Amino acid sequence: MSFAEFLPQLLPILILLGLVLAVIGALRRILLWRQGQESTIHWAGLFSIPQRYLVDLHHVVASDKYISNTHVATAGGFVLTALLVILIYLFDVATNILNYALLASSGLMFVGAVFVLMRRINPPPNLSLGPWSRLPYSLLIFSSSFFVLTLPASGLLPIDSGSWLLAILLVVGIIWGVGEMFFGLTWGGPMKHAFAGALHLGLHRRQDRFGGGRSTGLISIDLEKDKLGVEKPEDFKWSQLLSFDACVECGRCEKACPAFAAGQPLNPKKIIQDMVVGMAGGNTAKFAGSAYPGVELGSHKGGAVIPIVDVLLEANTLWSCTTCRACVQECPMMIEHVDAIVDMRRFETMEKGKTPGKGAEVLDNLNTTDNPNGHAPSSRMNWAADQNLAVFGSDVDRADVLLWIGDAAFDMRNQRTLRAMITLLRAAKVDFAVLGDCECDSGDLARRLGDEATFQRLAKTNIATMSQFEFKHIVTADPHAFHCLKNEYADFGGHYDVYHHTGFFADLVKNGKIKLNTNNAISLTYHDPCYLGRYNGEYDAPRYLLEAMGINVKEMERSKSKSRCCGGGGGAAVTDIPGKQRIPDMRMDDANSTGAEIVAVACPGCSQMLEGVVEPRPQVKDIAELMLDALCEEVV
Amino acid sequence: MAQFDALFKPLKINQLTIRNRVVSTAHAEVYATEGGMTTERYVKYYEEKSKGGVGLCICGGSSVVSIDSPQEWWKSVNLSTDRIIPHFQNLADAVHKHGGKIMIQITHMGRRSRWDGGNWSTLVSPSGIREPVHRATCKSIEVEEMQRIIGDFAKAAGRAKAGGLDGVELSAVHQHLIDQFWSPRVNQRTDEWGGSFENRMRFGMEVLKAVRAEVGRDFAVGLRITGDEFHADGLNHEDMKEIAAYYNKTGLLDFFSVIGSGCDTHNTLANVIPNMSYPPEPFLHLAAGIKGVVDVPVMHAQNIKDPNQAQRILEAGYVDFVGMTRAHIADPHLITKIKLNQIDQIKQCVGANYCIDRQYQGLDVLCIQNAATSRESTMPHIIQKTSGVIRKVVVIGGGPGGMEAARVCAERGHKVSLIEKNPELGGQITIASKAPQRDQIAGITRWFALELARLGVDVQLNTAADEATIRGTNADVIILATGAQPFLTQNPHWGAAEGLVVSSWDILNGTVAPGKNVLVYDTICEFSGLSVADFLAHAGAQVEMVTDDIKPGAAVGGTTFPTYYRSLYEREVIMSSDLVLEKVYREGDKLVAVLENEYTGQQEERVVDQVVVENGVRPDERLYFQLKQDSRNKGQIDIEALYAAKPQPALTEAADGYLLYRIGDCVAQRNTHAAIYDALRLCKDF
């Protein structure tokens, strides 16, 4: 039998075998996902997969041009090649156009695969090795095998060219290639990401994230359920289990994670991979990426019905997270690390009562005093004794603006920001009032610490209080309160038009209601708060205000969506998991490297964390404080 | 609990919400001029405190309600006329603008004044008994006069209210007319205004009722009282509790302010404004005792200077408000600095009592270490950065003048070096702090040292600057604050050259060991002489203090010489006046001091083993004259500009070379305040 006769007989069998095994693998994988809890299936999303891939996913990947181009070539080449191979070699639809198309697509894939290989010559530490190091060779073999195979068919080489040796090589190559690319697609090889990733894009739990939308509020849970939070992998929603399988182990999350950089025992990529181990069963020995700092690799095991904490991972891993969302922002596969972490924290806090550090005390305080540090509720307005503020209920029942004070009421540092805001609001003749002693903590901290019950109680209390009064907008200097009020109160009937003070002031400056002098030759950098920036997409208003004061902002390398957390979010400041260094110190180093004398902030948490860095360091000022300094006195 | 939450807990006095628990209590400012009207200076002094965050100011210590309570001696506020009302409106607006509240103390001082000036008023007192501190004689008050004065109190309170002030404090403290009636020591009447408890209380009660009737129930009215007069024949703590409870029961009062001690003798007066020899809050227990018997807020001021101390007192609940009055004279921005977490930047009162000792001499109240206080119209508390040229400034000498000059220049943004030959900053303050009970004066240096470090001043210690080094710095401005040296050569017969006499510095610095039998000859009669005598006595020496002046320590203020005297008498120091030291000679291993009576010329001798002479200091002028000729300004300060608080004209003249200025004792012997004021007013416009 000649080469030309042998291959056409073998090929359909191999391809069919690969496809059948892939389908079996897919069904098996779907069963794994279905171990999870029910959640809405957004069937319509499946039709949006190509668009989401090309737009939303690509938007994330495009921040790294090298890999985005490489992936377009490789993945595009592969999809086309796979379809053409099936058409030509399985269904025997042999036309020359198709052959040339196959040559082109496999060639494209080959070129892409070369770049994949080059990237792995000296791989950065965030890339996983193991099977992922094999993938570029598989890609090269797959594409080159079909390329060579198709050369004779296309007439570019004689039909009987080649030898048995070549035939054997081609067969081996095709077995390898089809094995990796079809069988591996659903049986847990690196190509799993394409299968699970595509479905995840379609069936994503947060459909609002696509098409330029934003969905960052934590998803409420029913407090009447028998079990609160996630104890075992099976307690996740099935869609979350699916999302874990989409991970490509690119480690962009790891590069962005402030806790990882600080040497705290957290690596978002490994969390996701651990969840895959938990879902499928087994141990973590095969993981070929960076360990949780300070935790030995490969010593944990998991299973769908085995508790996660203390078995699959250590509790400190969960509590190291600042919920800064840098990992989520960076993830090309749109995986929701923060959701998963908070889900597991919910079980730790509400079912086990094991919130570490000062977390438990803070939650107790919230329950007894409605504020995290246990101040007497009646002392909430002490700071404003000389401000003559209109208080809803006792002075007024309506005002244009409800000024949300937040926990800054109890903190002398941030009272400065509040006083500055009040002067600015008065200068702009804004009609505003406060809730006074009736304001409770927004619940942000409780929620991020996993105490959903306390969050919901606080949210409902605040909503009930606010429902008694009439106002058009809420304005607050606290991005955490801003986020809760704007994005998380809606589940409980609180729908408000909420402004962060920078957004509100930016409008006032644009409308000429606040006049700022522009001769402020200040050497300044701006630190984007996570809950204003990544959570709510507000990068422009603070910069607009700084520019309106004539300040030329010296941007840090990590700014806007890539801003690094101050270390204070998600309760990290109270759980205080030890690492090698402190996140705020790292962030201050970022600021220092710009040479700025002032770090402008727009969050009371950031100001506390950054001011906690030992001097000498740049001064920390809220934008409201800077505006107060630059406020033009009204000419009477 | 946050660190200062007790301090920042608002509290209501009647209808008034006070934003925090810190009060600047009533004291005489001594600059309500033009017949007792509050001036721009007065308004700005209180505005600065309000801007600095204080909760409540009670201004106008001993502000008079009647024309026969003389106002002009201490330039106190005059509430006996409606002319005061518009002045109050300015004052109230200025304080309210920054969120503070302001009340005024009103009083009739009775016998505690002087009659020999102004209207030549005949002073009145319940029983016409002379007041020793002011050497004031008086008549026994008649009932008609009492009725008039009661009416005057009511009208005065009405004027305070009409002027927009937030309340009045009736003074029944410091032996004013109301407490003159209370105290059996002074009230020996046998009519219905004396004798029994109710009778002695009657005058004050009538005043209170009349005031309340005039201002209505919603206007804040308080009473300042002593917690114990510390006189055997006076009112003790139990008496005062009874009195406080009695007035409290009327429900007409909104607060009590309590201090410890009476003050109609020199010795008790010193208790009232405790100087640095006292422990912190020495009389808090008396205020706490009063708090135990009344229902309204109680405030207390006496040696409360530190925010942590204030927090501790409030947190423990001894009183409701702390008076931090001298603390605010030293630093009117005390509260703001707490809020800004700049506690290290608070200029803390050291209890030198420069302020109150000036006041008792009828001089305007100034702070020994803060030359901006009471000069808010011309001198800045907060130095703004310059927008002009950045100069290279070299300051020679790290005494108070040099430290202030370096601080102000650094705040202005200049490049500043401070060169000091000693191993530590402080200059003469360091020497002064070596004496017993005087260690706290070093707090002045401590603050400067912290500020100079914060401002990045290049401080070079152990460095004696000579002419070449200074020229080599290529400074734009050279400020000499090199101080002075003890002046022992004025009379060559003292034998300083032969080492027969030593200076007070030698003793205090420890360069000469104290002798066993020592004569201290003090021509200056300020702190230095008393300090060295006290130091020697504490070291076990037998000391005679001799002065040619009228008494040792004659120039030391009324709140401080008593604490020295307590210590000196206790250690059997002999104090001799009116003797001039003519000569010292050696006889065997002894020294003989020849003293001559100023008034008779009669000579006497003392055989001692050590003679310490305190004859002040001579300026250290050497560097000045070496540098003067080549300086752009020939070392001259334009005093017209200086006195007008304007920039030195030489600063804006374009020329090469350096400007040379000298300040403090290297010009002429003066005091700490003068050196600091020299520096501030000169350097604030650099």
# chains A, B, ... in the order shown; residues from 1 in each chain; ligands from 1
>>> closest_atom_pairs(of="chain B", to="chain A", cutoff="6 Å", atoms="only C-alpha atoms", output="CSV")
residue,atom,partner,partner_atom,distance
B:Lys9,CA,A:Asn382,CA,5.6
B:Pro10,CA,A:Asn382,CA,5.9
B:Arg19,CA,A:Ala385,CA,4.8
B:Gly99,CA,A:Asp386,CA,4.7
B:Lys339,CA,A:Met412,CA,5.5
>>> residues_around(residues="stretch 128-144 of chain B", least_positions_apart="4", cutoff="7 Å", atoms="only C-alpha atoms", output="NGL selection string")
:B and (111-114 or 122-124 or 148 or 186 or 264-266)
>>> residues_around(residues="B:Thr250", least_positions_apart="2", cutoff="12 Å", atoms="only C-alpha atoms", output="PyMOL selection string")
chain B and resi 205-206+208-209+212+243-248+252-254+294-296
>>> select_by_dssp(residues="stretch 536-660 of chain B", states="helix (DSSP H, G or I)", output="list in words")
Leu536, Ala537, His538, Phe561, Pro562, Thr563, Tyr564, Tyr565, Arg566, Ser567, Leu568, Tyr569, Glu570, Arg622, Leu623, Tyr624, Phe625, Gln626, Leu627, Lys628, Ile639, Glu640, Ala641, Leu642, Tyr643, Pro649, Ala650, Leu651 and Thr652 of chain B
>>> closest_residue(among="A:Lys269, A:Phe183, A:Val20, A:Thr575", to="A:Gly357", atoms="only C-alpha atoms")
A:Thr575
>>> residues_around(residues="B:Leu284", least_positions_apart="2", cutoff="9 Å", atoms="only C-alpha atoms", output="PyMOL selection string")
chain B and resi 258-260+281-282+286-289+300-302+313+318-319
>>> write_last_selection(atoms="C-alpha atoms", output="compact mmCIF listing (two decimals), in the first residue's frame")
# COMPACT_ATOMS: atom_id res chain seq x y z
CA VAL B 258 -13.61 75.68 89.12
CA ILE B 259 -10.02 76.48 90.02
CA GLY B 260 -7.96 75.77 93.10
CA GLU B 281 -3.44 69.50 86.98
CA PRO B 282 -2.58 70.00 90.69
CA LEU B 286 -11.20 70.23 93.76
CA ALA B 287 -13.05 70.63 90.48
CA ALA B 288 -14.04 66.97 90.60
CA GLY B 289 -15.39 67.53 94.10
CA HIS B 300 -11.41 73.26 85.08
CA ALA B 301 -8.19 74.91 84.03
CA GLN B 302 -4.88 74.72 85.83
CA ILE B 313 -8.96 63.81 82.58
CA TYR B 318 -13.37 64.33 86.60
CA VAL B 319 -14.76 67.33 84.75
>>> atom_distance(atom1="atom CA of A:Asp235", atom2="atom CA of A:Ala453")
18.3 Å
>>> residues_around(residues="A:Ala196", least_positions_apart="5", cutoff="8 Å", atoms="only C-alpha atoms", output="list in words")
Leu242, Ser243, Asp245 and Ala246 of chain A
>>> write_last_selection(atoms="N, CA and C atoms", output="PDB file, in the first residue's frame")
ATOM      1  N   LEU A 242     -17.815  25.762  35.799  1.00  0.00           N
ATOM      2  CA  LEU A 242     -17.488  25.888  34.375  1.00  0.00           C
ATOM      3  C   LEU A 242     -16.418  26.963  34.186  1.00  0.00           C
ATOM      4  N   SER A 243     -16.599  28.083  34.895  1.00  0.00           N
ATOM      5  CA  SER A 243     -15.665  29.202  34.701  1.00  0.00           C
ATOM      6  C   SER A 243     -14.247  28.804  35.108  1.00  0.00           C
ATOM      7  N   ASP A 245     -12.863  26.014  34.752  1.00  0.00           N
ATOM      8  CA  ASP A 245     -12.274  25.215  33.676  1.00  0.00           C
ATOM      9  C   ASP A 245     -11.786  26.066  32.515  1.00  0.00           C
ATOM     10  N   ALA A 246     -12.243  27.315  32.472  1.00  0.00           N
ATOM     11  CA  ALA A 246     -11.859  28.178  31.352  1.00  0.00           C
ATOM     12  C   ALA A 246     -10.457  28.745  31.512  1.00  0.00           C
TER      13      ALA A 246
END
>>> residues_around(residues="stretch 172-181 of chain A", least_positions_apart="2", cutoff="6 Å", atoms="only C-alpha atoms", output="JSON, numbers by chain")
{"A": [138, 141, 142, 145, 169, 170, 183, 184, 185]}
>>> write_last_selection(atoms="N, CA and C atoms", output="PDB file, in the first residue's frame")
ATOM      1  N   SER A 138       2.578  20.800  20.306  1.00  0.00           N
ATOM      2  CA  SER A 138       1.363  20.167  19.776  1.00  0.00           C
ATOM      3  C   SER A 138       0.764  21.014  18.669  1.00  0.00           C
ATOM      4  N   ILE A 141       2.914  20.688  15.620  1.00  0.00           N
ATOM      5  CA  ILE A 141       2.765  19.355  15.014  1.00  0.00           C
ATOM      6  C   ILE A 141       1.425  19.244  14.303  1.00  0.00           C
ATOM      7  N   PHE A 142       0.373  19.710  14.997  1.00  0.00           N
ATOM      8  CA  PHE A 142      -0.962  19.649  14.394  1.00  0.00           C
ATOM      9  C   PHE A 142      -0.986  20.423  13.068  1.00  0.00           C
ATOM     10  N   SER A 145       1.496  18.995  10.399  1.00  0.00           N
ATOM     11  CA  SER A 145       1.077  17.693   9.874  1.00  0.00           C
ATOM     12  C   SER A 145      -0.002  17.879   8.813  1.00  0.00           C
ATOM     13  N   LEU A 169       5.631   9.489  10.108  1.00  0.00           N
ATOM     14  CA  LEU A 169       5.754  10.738  10.856  1.00  0.00           C
ATOM     15  C   LEU A 169       4.439  11.494  10.860  1.00  0.00           C
ATOM     16  N   LEU A 170       3.804  11.539   9.683  1.00  0.00           N
ATOM     17  CA  LEU A 170       2.528  12.245   9.594  1.00  0.00           C
ATOM     18  C   LEU A 170       1.474  11.608  10.485  1.00  0.00           C
ATOM     19  N   PHE A 183      -9.112  15.497  21.488  1.00  0.00           N
ATOM     20  CA  PHE A 183      -9.304  14.713  22.707  1.00  0.00           C
ATOM     21  C   PHE A 183      -8.999  15.571  23.935  1.00  0.00           C
ATOM     22  N   GLY A 184      -7.868  16.260  23.853  1.00  0.00           N
ATOM     23  CA  GLY A 184      -7.453  17.101  24.997  1.00  0.00           C
ATOM     24  C   GLY A 184      -8.400  18.249  25.264  1.00  0.00           C
ATOM     25  N   LEU A 185      -9.164  18.618  24.243  1.00  0.00           N
ATOM     26  CA  LEU A 185     -10.104  19.731  24.371  1.00  0.00           C
ATOM     27  C   LEU A 185     -11.068  19.519  25.516  1.00  0.00           C
TER      28      LEU A 185
END
>>> residues_around(residues="stretch 66-72 of chain B", least_positions_apart="3", cutoff="6 Å", atoms="only C-alpha atoms", output="ChimeraX atom specification")
/B:75-76,80,108-109,121,152
>>> select_by_dssp(residues="stretch 129-227 of chain B", states="strand (DSSP E or B)", output="PDB file with C-alpha atoms, in the first residue's frame")
ATOM      1  CA  GLU B 131      -6.391  93.701  99.886  1.00  0.00           C
ATOM      2  CA  ALA B 136      -5.737  98.207  97.926  1.00  0.00           C
ATOM      3  CA  LYS B 139     -14.671 101.238 101.956  1.00  0.00           C
ATOM      4  CA  SER B 140     -17.422  99.037 103.378  1.00  0.00           C
ATOM      5  CA  GLY B 167     -22.924  83.549  77.277  1.00  0.00           C
ATOM      6  CA  VAL B 168     -21.495  85.138  80.372  1.00  0.00           C
ATOM      7  CA  GLU B 169     -19.441  83.770  83.197  1.00  0.00           C
ATOM      8  CA  LEU B 170     -19.926  85.504  86.532  1.00  0.00           C
ATOM      9  CA  SER B 171     -16.642  85.727  88.371  1.00  0.00           C
ATOM     10  CA  ALA B 172     -16.843  84.600  91.964  1.00  0.00           C
ATOM     11  CA  ALA B 220     -25.738  80.586  78.886  1.00  0.00           C
ATOM     12  CA  VAL B 221     -24.781  81.834  82.330  1.00  0.00           C
ATOM     13  CA  GLY B 222     -22.023  80.229  84.358  1.00  0.00           C
ATOM     14  CA  LEU B 223     -20.167  80.832  87.559  1.00  0.00           C
ATOM     15  CA  ARG B 224     -16.448  80.648  88.155  1.00  0.00           C
ATOM     16  CA  ILE B 225     -15.502  79.673  91.669  1.00  0.00           C
ATOM     17  CA  THR B 226     -12.571  78.424  93.652  1.00  0.00           C
TER      18      THR B 226
END
